[in-house]
Number of protein chains: 4
Amino acid sequence: MVSIRHRIHMEPEIAFEEVKTAALVAETLRSLGIETRTGVAKTGVLGILHGRGPGRTVLLRADMDALPVDELADVPYRSRVRGKMHACGHDAHTAGLLGAAMVLSELRDSFDGCIKFMFQPAEEEDGGALTMIEEGILESPKVDAAFGCHLWGLMEEGKVAVSGGPVMASPDVFDLEVTGRGGHGAQPHLTVDPIMVSASIITAFNNMVGRRVDPLVPCVVSVCSISGGEVHNVIPEKVIMKGTIRTLDEETRERIPKELEKLAVGIAGSMGATANFIYGKRFPVLINDEEMASLARDAFRKHADPSDVSDNQIQSMGGEDFAYLGQHVPSAYAFIGIAKDGKNPVLHHNPYFSFEDSNMKLLAKGLAQIALDFLSE
Amino acid sequence: MVSIRHRIHMEPEIAFEEVKTAALVAETLRSLGIETRTGVAKTGVLGILHGRGPGRTVLLRADMDALPVDELADVPYRSRVRGKMHACGHDAHTAGLLGAAMVLSELRDSFDGCIKFMFQPAEEEDGGALTMIEEGILESPKVDAAFGCHLWGLMEEGKVAVSGGPVMASPDVFDLEVTGRGGHGAQPHLTVDPIMVSASIITAFNNMVGRRVDPLVPCVVSVCSISGGEVHNVIPEKVIMKGTIRTLDEETRERIPKELEKLAVGIAGSMGATANFIYGKRFPVLINDEEMASLARDAFRKHADPSDVSDNQIQSMGGEDFAYLGQHVPSAYAFIGIAKDGKNPVLHHNPYFSFEDSNMKLLAKGLAQIALDFLSE
Amino acid sequence: MVSIRHRIHMEPEIAFEEVKTAALVAETLRSLGIETRTGVAKTGVLGILHGRGPGRTVLLRADMDALPVDELADVPYRSRVRGKMHACGHDAHTAGLLGAAMVLSELRDSFDGCIKFMFQPAEEEDGGALTMIEEGILESPKVDAAFGCHLWGLMEEGKVAVSGGPVMASPDVFDLEVTGRGGHGAQPHLTVDPIMVSASIITAFNNMVGRRVDPLVPCVVSVCSISGGEVHNVIPEKVIMKGTIRTLDEETRERIPKELEKLAVGIAGSMGATANFIYGKRFPVLINDEEMASLARDAFRKHADPSDVSDNQIQSMGGEDFAYLGQHVPSAYAFIGIAKDGKNPVLHHNPYFSFEDSNMKLLAKGLAQIALDFLSE
Amino acid sequence: MVSIRHRIHMEPEIAFEEVKTAALVAETLRSLGIETRTGVAKTGVLGILHGRGPGRTVLLRADMDALPVDELADVPYRSRVRGKMHACGHDAHTAGLLGAAMVLSELRDSFDGCIKFMFQPAEEEDGGALTMIEEGILESPKVDAAFGCHLWGLMEEGKVAVSGGPVMASPDVFDLEVTGRGGHGAQPHLTVDPIMVSASIITAFNNMVGRRVDPLVPCVVSVCSISGGEVHNVIPEKVIMKGTIRTLDEETRERIPKELEKLAVGIAGSMGATANFIYGKRFPVLINDEEMASLARDAFRKHADPSDVSDNQIQSMGGEDFAYLGQHVPSAYAFIGIAKDGKNPVLHHNPYFSFEDSNMKLLAKGLAQIALDFLSE
């Protein structure tokens, strides 16, 4: 498991380019005698392990893609690819799920039903999970529940948290184009100044969370990019903006983009300009099923100090495309601590991101136990 | 003329309350054998002086109302009425026009045509000139031209300025009511916060002059009053605002209120609130006729050092209801300096406002000369 | 208990005027043979019940004050005082705690230690709890833990929720005065327009929650009142604003007022004006002790369907001065449902606020049980 | 003169690249027997014509540079250089001044004193006039007055306007960099969002003209360019803006950049960011000397219908580096109409800009007459 992780870590591959990683995964699964489908969602791999008799089907999921980050961590298995790095732990997610597959493949005569191992591409940006679902991985046999884990830099080593309810946000985006009428900077009255209009819209967007969202409901609206005009004395025709909208509940997710669009269009219109607001839906809110979360906690407690396994609700405004699985079957997503101590969190997506291989053990054992417990229920 | 001015100054009367002033004016006119109508526009007085034969008709105008200001000027003829004061020189305008009437009544056998003396109430706020026009003072005989003067604290004694074109602004007003949905300050998401909406509208209004008006075209938009809510933790239902819009040309005057209303309604609507913008038209822009201005300059040059009489375009964002006369007949409004020296302007509407009686001489002579010159053309 | 509630309901008394209510409370406590101190924090009452022998001391708390609301609820015991009403359930809190006192006074030979009954004035606005603490109610004998309940209109009848952690907000306030330089609306350049400055500050304040507060940390900043200027054409010297700042954690509570002040002072200064921001600290965040919450849940489960008693974290941006007790001793504050069904919440502070008397039973029994359980630990 | 204009028009050269144009100018001047210095300010040319005896010195100025515009005008002498065009009439200014030189060189025995012909490079952007002054063209002999003309598309053919006072603006610029602290769009509270800060500053800048500048004083502040951030979910570190500040008086010009800097620095600071405002002074305000303007009017009246030559004050928020001459010697800059009729202005800097050659005649004659009249005074 450790050597697999290191091999993956040294050859990081980003979204939909996980060719070597997928080959390593498929080869390992096949060596375990697990039925293996490759090329699902381009570079995804699906393993199918049948137990001794008929029963339910549980899916365990890992993500394989790396990030476009230049590694600066001082580890022997440092990335050999300039500008790419496993800075979010997907290398260990993949190796850990292979570890679970190793354990479970040996126990195939001790459980009824079926275990699917989902190794997905492109979690970071493109939602590879969705494509794999669309290509049918939840069918034949039909999946009854799904589980996944994230090694988590903000929690101490050895600790596990799985709770019901929302845990990760919908990381939606928007594009906003404001069109006025360009002209000379010395004659603003002959123009419709899109920079003025955009400043007004940005300010209104920044009021949204504080005025239009329940203070007890997490939500983010961030305008992250703006561009318009080139020289000192020409008012441009257009300004282009980009941003993100994040929530932890689908009602707010539904409502906010509509209010933002209404604001942008209304403000621009009141100033003689037009605004084109394009909302880009990304992953859903990741909402854990209460029962599946409870099952997962019980399974982890068999391999960790029970008091280290809590129902603390980890919540993050980051997104996670595991959420697509939760839209189809009851599911739970667990967080496994990797911080050396509570005061020194390991920062995900950071060039120095690194953690001990030993943390994979709990991930592998936990996922294997979850599968066994689910199937024996 | 001086004693008349002092009598008026000591008994200042504000808009439509000019009873004693009107009585003094009427009595003086009658004593000069001038046909006198009182009670025009409530407290206005019209004198009609016919010359030796038929001819054109010229109107000379003065305003009689005082201001609700407590006089602090140290003059022997200080206001005897608490809270009222002739702080804009209307006492001298009235006395000066009576002086012109004295001169002209003696010359009635030397000119053809007719001279009307208009002593109007309520220049400061209510536009008494309009009411007098509506009550027919420009008819029977029909007036062919109108002239008036303002003693001017920003110009030196002895100087006169009369130019063609716009000289004083349209002092229009607006009322703006923003209605949201009130609620508890701890639950902004259940409200539509009219204070937030109003702040956005005010900011947009403050952008108007700099972005939507030709930099070479004078314009003012000022929000001067705002009120909404009472306590620390209840978001109110409404916010009420008041303001002024001033321009020196009718095109801008026509356009700006529409753009402001569009802004208010559009911004409020984009935020889920409603805005009710009520535009209040006041006096028109005072625009001098080029020919009448030229005639007035020539007349003044007969009584002043010719080089002291200029076509410098005095412009002010203040309003002047003489402008209503200009809408009906060619007219010119002259400014006569009263500052002791150029660096110490006399501030109108100020409790210390004061100037030498001697300045009335030029006003009286100028107006009389204008009338004679106009009728002899 | 029911008749006591009705008597209190019909004679509602607002903050620090709870004279009749306090008399009724004191009379009832004394009739039960409970040592009774009156006049604590003006109109507060403290009952002290000693058990059979020495032990710990537990405090049970109710609030007695009504609201300045005109009752519209159609109940036989409707308020007889125009403009005052028990619209938050304090009548039942008081009657319920007296009910607990009845039970406990009979059991005085079955427990060791001491039970204090705190009937406080002025919860709604003035923080009567603080004054009672300052007058020593936590001493002689020293209190070891404190408990209280709120009947809760947003939860169904029969349900109880007590969780550890923050449950009610710090309802702090601020006053903000912006001073510019007044002047004529036609001459904005000679003024420093405090309405423009205030609009900018309000807009910046409204950006605070969305930009400067962790989306996972509840916080409210609301400007609830604004006032400046009177007429259409005079820019005022000052604008006065009021608002509220609410958080559920003390770190955010500490930080936000400082950032708001920095914003107000900085923005005003950049525009040539001055801002005076006065922060008014009110009740602390109400934070339940995890152990005391657990003890309370166990106690309630003895008198309710155990599955109806949860650790759901009720959170509200409203304030509760019970929080002052939590600053001195471990404490827990429980919520007891009174809604007929989940879809029809009963709105607190509403003129139609009303609920069944029967809900008091659970409150009385729960509090009595909590006291017994705490003392027997 | 016509063929010279056409040659220049067909070979347009932009700022400091006027090599062919300068060669043609120098060759023409020399052919007239006028002392000619080339290479002044890189590509500028100075002609010096001495009259019969000693006297004063007058300078006549033309500008030679073209614009980076692709000509679309349908004229036989259309630009032969892709992307360059004489779209502001400098071809005719140059040819016209050569025409004046032709006339004056023949009259050299009829006047006393000296005439300098200044053919400057780089009027449009770089202020070639300043460089020529710095290289000494106003010395040896010392220049006593300077004159120039602009063919003007907003005025009818045959009309001339020269007035005292400010006629063209100071076209200054600014660069503004706002530095916050970048971070993830999902965690705005860990960042200092420079886009939010920039929106606030832009809005404040847009309030400047309407609130802080006398409505009777022309001024423009335009933010013309903004750029910050690249992707949807990363809040950038910096935002960069560019803009222009234009005034028609030096007092306002002095004050506004300071107020803008104060606003930017103050607002940024209040939000935890920093702003770096860099003000770029460009040409001064072009202010005509009253006497020189009067002299120019009289001169033009000798070659045009006198009533077509007015003291109408052409004012434009555009800049003109002739203004540098006015800082050293009394000067006047005249506008000569080229519009076929008043309702169809010819737009400068437009690819279709074009006008009749015949208009050069008045320019050449007027300038020649001005020189003669000045020297004969």
# chains A, B, ... in the order shown; residues from 1 in each chain; ligands from 1
>>> closest_atom_pairs(of="chain A", to="chain C", cutoff="6 Å", atoms="only C-alpha atoms", output="JSON lines")
{"residue": "A:Asn206", "atom": "CA", "partner": "C:Asn207", "partner_atom": "CA", "distance": 5.1}
{"residue": "A:Asn207", "atom": "CA", "partner": "C:Asn207", "partner_atom": "CA", "distance": 4.9}
{"residue": "A:Val209", "atom": "CA", "partner": "C:Gly210", "partner_atom": "CA", "distance": 4.8}
{"residue": "A:Gly210", "atom": "CA", "partner": "C:Val209", "partner_atom": "CA", "distance": 4.9}
{"residue": "A:Pro215", "atom": "CA", "partner": "C:Pro218", "partner_atom": "CA", "distance": 5.0}
{"residue": "A:Leu216", "atom": "CA", "partner": "C:Pro218", "partner_atom": "CA", "distance": 5.3}
{"residue": "A:Pro218", "atom": "CA", "partner": "C:Pro215", "partner_atom": "CA", "distance": 5.0}
{"residue": "A:Cys219", "atom": "CA", "partner": "C:Pro215", "partner_atom": "CA", "distance": 5.8}
>>> select_by_dssp(residues="stretch 52-279 of chain A", states="strand (DSSP E)", output="VMD selection string")
chain A and resid 53 to 63 112 to 120 145 to 156 160 to 161 165 to 168 170 to 179 183 to 184 219 to 228 234 to 235 238 to 247 274 to 279
>>> write_last_selection(atoms="C-alpha atoms", output="short mmCIF file (atom, residue, chain, number, x, y, z; two decimals), in the first residue's frame")
data_model
loop_
_atom_site.label_atom_id
_atom_site.label_comp_id
_atom_site.auth_asym_id
_atom_site.auth_seq_id
_atom_site.Cartn_x
_atom_site.Cartn_y
_atom_site.Cartn_z
CA GLY A 53 -23.76 -15.50 -2.24
CA PRO A 54 -26.39 -12.99 -3.23
CA GLY A 55 -26.90 -9.88 -1.14
CA ARG A 56 -26.73 -6.14 -1.22
CA THR A 57 -24.11 -4.10 -3.01
CA VAL A 58 -21.90 -1.49 -1.40
CA LEU A 59 -19.60 0.92 -3.21
CA LEU A 60 -16.28 2.22 -1.83
CA ARG A 61 -14.79 5.17 -3.60
CA ALA A 62 -11.37 6.79 -4.04
CA ASP A 63 -10.24 9.64 -6.25
CA ASP A 112 -22.83 -12.17 0.91
CA GLY A 113 -23.42 -9.55 -1.77
CA CYS A 114 -21.09 -7.44 -3.78
CA ILE A 115 -18.47 -4.74 -3.22
CA LYS A 116 -17.68 -2.20 -5.91
CA PHE A 117 -14.40 -0.31 -5.85
CA MET A 118 -14.71 3.02 -7.60
CA PHE A 119 -11.47 4.73 -8.60
CA GLN A 120 -12.54 7.96 -10.16
CA ALA A 145 -24.92 2.43 -0.38
CA ALA A 146 -21.68 4.29 -0.98
CA PHE A 147 -18.79 5.28 1.29
CA GLY A 148 -15.64 7.31 0.94
CA CYS A 149 -13.00 8.96 3.11
CA HIS A 150 -10.86 12.06 3.04
CA LEU A 151 -7.58 12.31 4.89
CA TRP A 152 -8.00 15.62 6.67
CA GLY A 153 -5.26 18.05 7.53
CA LEU A 154 -7.29 20.04 10.06
CA MET A 155 -7.80 17.04 12.41
CA GLU A 156 -5.29 15.13 14.46
CA VAL A 160 -12.15 10.09 12.68
CA ALA A 161 -15.26 12.21 12.21
CA GLY A 165 -26.01 16.10 7.36
CA PRO A 166 -24.16 18.48 5.09
CA VAL A 167 -20.38 18.31 5.24
CA MET A 168 -19.05 19.85 2.06
CA SER A 170 -21.65 23.06 -3.54
CA PRO A 171 -18.70 24.83 -5.23
CA ASP A 172 -20.70 26.55 -7.96
CA VAL A 173 -19.35 29.29 -10.17
CA PHE A 174 -20.60 32.22 -12.17
CA ASP A 175 -19.50 34.36 -15.07
CA LEU A 176 -20.73 37.91 -15.30
CA GLU A 177 -20.35 40.20 -18.27
CA VAL A 178 -21.40 43.82 -18.00
CA THR A 179 -21.81 45.66 -21.28
CA GLY A 183 -15.94 56.02 -25.21
CA HIS A 184 -13.38 58.61 -24.28
CA CYS A 219 -22.92 30.61 2.31
CA VAL A 220 -20.16 32.27 0.32
CA VAL A 221 -20.37 34.61 -2.65
CA SER A 222 -16.95 35.72 -3.92
CA VAL A 223 -16.15 37.76 -7.00
CA CYS A 224 -12.65 36.46 -7.75
CA SER A 225 -11.75 38.03 -11.05
CA ILE A 226 -12.46 41.25 -12.90
CA SER A 227 -11.14 42.63 -16.14
CA GLY A 228 -12.09 45.54 -18.34
CA VAL A 234 -10.72 54.99 -22.85
CA ILE A 235 -13.81 53.79 -21.04
CA LYS A 238 -17.35 45.60 -21.32
CA VAL A 239 -16.17 44.29 -17.98
CA ILE A 240 -15.89 40.57 -17.33
CA MET A 241 -16.09 39.00 -13.88
CA LYS A 242 -15.87 35.49 -12.45
CA GLY A 243 -16.78 34.16 -9.06
CA THR A 244 -17.94 31.36 -6.85
CA ILE A 245 -21.11 30.62 -4.87
CA ARG A 246 -20.97 28.05 -2.11
CA THR A 247 -23.63 26.72 0.20
CA THR A 274 -26.80 45.15 -19.56
CA ALA A 275 -25.53 42.26 -17.47
CA ASN A 276 -25.24 38.67 -18.54
CA PHE A 277 -25.01 36.37 -15.53
CA ILE A 278 -24.21 32.75 -16.25
CA TYR A 279 -24.50 30.36 -13.35
#
>>> atom_distance(atom1="atom CA of A:Asn233", atom2="atom CA of A:Gln187")
9.7 Å
>>> select_by_dssp(residues="stretch 141-330 of chain D", states="helix (DSSP H, G or I)", output="count of residues only")
62
>>> residues_around(residues="stretch 87-102 of chain D", least_positions_apart="4", cutoff="6 Å", atoms="only C-alpha atoms", output="list in words")
Met1, Ile4, Arg5, Ile8, His9, Ala62, Asp63, Met64, His348, His349, Phe353, Met360, Leu363, Ala364 and Ala368 of chain D
>>> closest_residue(among="A:Ile202, A:Met10, A:Ala129, A:Leu107", to="A:Val75", atoms="only C-alpha atoms")
A:Met10
>>> atom_distance(atom1="atom CA of D:Tyr324", atom2="atom CA of D:Ser140")
18.3 Å
>>> residues_around(residues="stretch 190-193 of chain D", least_positions_apart="3", cutoff="7 Å", atoms="only C-alpha atoms", output="ChimeraX atom specification")
/D:180-183,187,196-197,235,272-273
>>> residues_around(residues="stretch 65-70 of chain D", least_positions_apart="2", cutoff="6 Å", atoms="only C-alpha atoms", output="list in words")
Pro12, Glu13, Ile14, Ala15, Gly83, Lys84, Met85, His86, Pro121 and Ala122 of chain D
>>> write_last_selection(atoms="N, CA and C atoms", output="PDB file, in the first residue's frame")
ATOM      1  N   PRO D  12       1.260  59.158 -43.082  1.00  0.00           N
ATOM      2  CA  PRO D  12       1.134  59.588 -41.681  1.00  0.00           C
ATOM      3  C   PRO D  12       2.206  58.947 -40.810  1.00  0.00           C
ATOM      4  N   GLU D  13       2.712  59.726 -39.887  1.00  0.00           N
ATOM      5  CA  GLU D  13       3.749  59.239 -38.968  1.00  0.00           C
ATOM      6  C   GLU D  13       3.342  59.609 -37.539  1.00  0.00           C
ATOM      7  N   ILE D  14       3.435  58.640 -36.650  1.00  0.00           N
ATOM      8  CA  ILE D  14       2.982  58.932 -35.283  1.00  0.00           C
ATOM      9  C   ILE D  14       4.133  59.465 -34.422  1.00  0.00           C
ATOM     10  N   ALA D  15       3.804  59.751 -33.188  1.00  0.00           N
ATOM     11  CA  ALA D  15       4.664  60.484 -32.261  1.00  0.00           C
ATOM     12  C   ALA D  15       6.158  60.141 -32.354  1.00  0.00           C
ATOM     13  N   GLY D  83      -3.006  51.306 -40.372  1.00  0.00           N
ATOM     14  CA  GLY D  83      -3.004  51.521 -38.923  1.00  0.00           C
ATOM     15  C   GLY D  83      -2.539  52.907 -38.498  1.00  0.00           C
ATOM     16  N   LYS D  84      -2.285  53.784 -39.452  1.00  0.00           N
ATOM     17  CA  LYS D  84      -1.910  55.157 -39.094  1.00  0.00           C
ATOM     18  C   LYS D  84      -2.734  56.128 -39.942  1.00  0.00           C
ATOM     19  N   MET D  85      -3.082  57.247 -39.361  1.00  0.00           N
ATOM     20  CA  MET D  85      -3.950  58.178 -40.080  1.00  0.00           C
ATOM     21  C   MET D  85      -3.854  59.569 -39.465  1.00  0.00           C
ATOM     22  N   HIS D  86      -3.944  60.586 -40.306  1.00  0.00           N
ATOM     23  CA  HIS D  86      -4.093  61.948 -39.800  1.00  0.00           C
ATOM     24  C   HIS D  86      -5.569  62.181 -39.516  1.00  0.00           C
ATOM     25  N   PRO D 121       6.677  67.575 -32.985  1.00  0.00           N
ATOM     26  CA  PRO D 121       6.262  66.170 -33.035  1.00  0.00           C
ATOM     27  C   PRO D 121       5.344  65.887 -31.839  1.00  0.00           C
ATOM     28  N   ALA D 122       4.670  64.736 -31.910  1.00  0.00           N
ATOM     29  CA  ALA D 122       4.121  64.090 -30.721  1.00  0.00           C
ATOM     30  C   ALA D 122       3.198  64.949 -29.887  1.00  0.00           C
TER      31      ALA D 122
END
>>> residues_around(residues="A:Phe355", least_positions_apart="5", cutoff="8 Å", atoms="only C-alpha atoms", output="ChimeraX atom specification")
/A:338-339,346
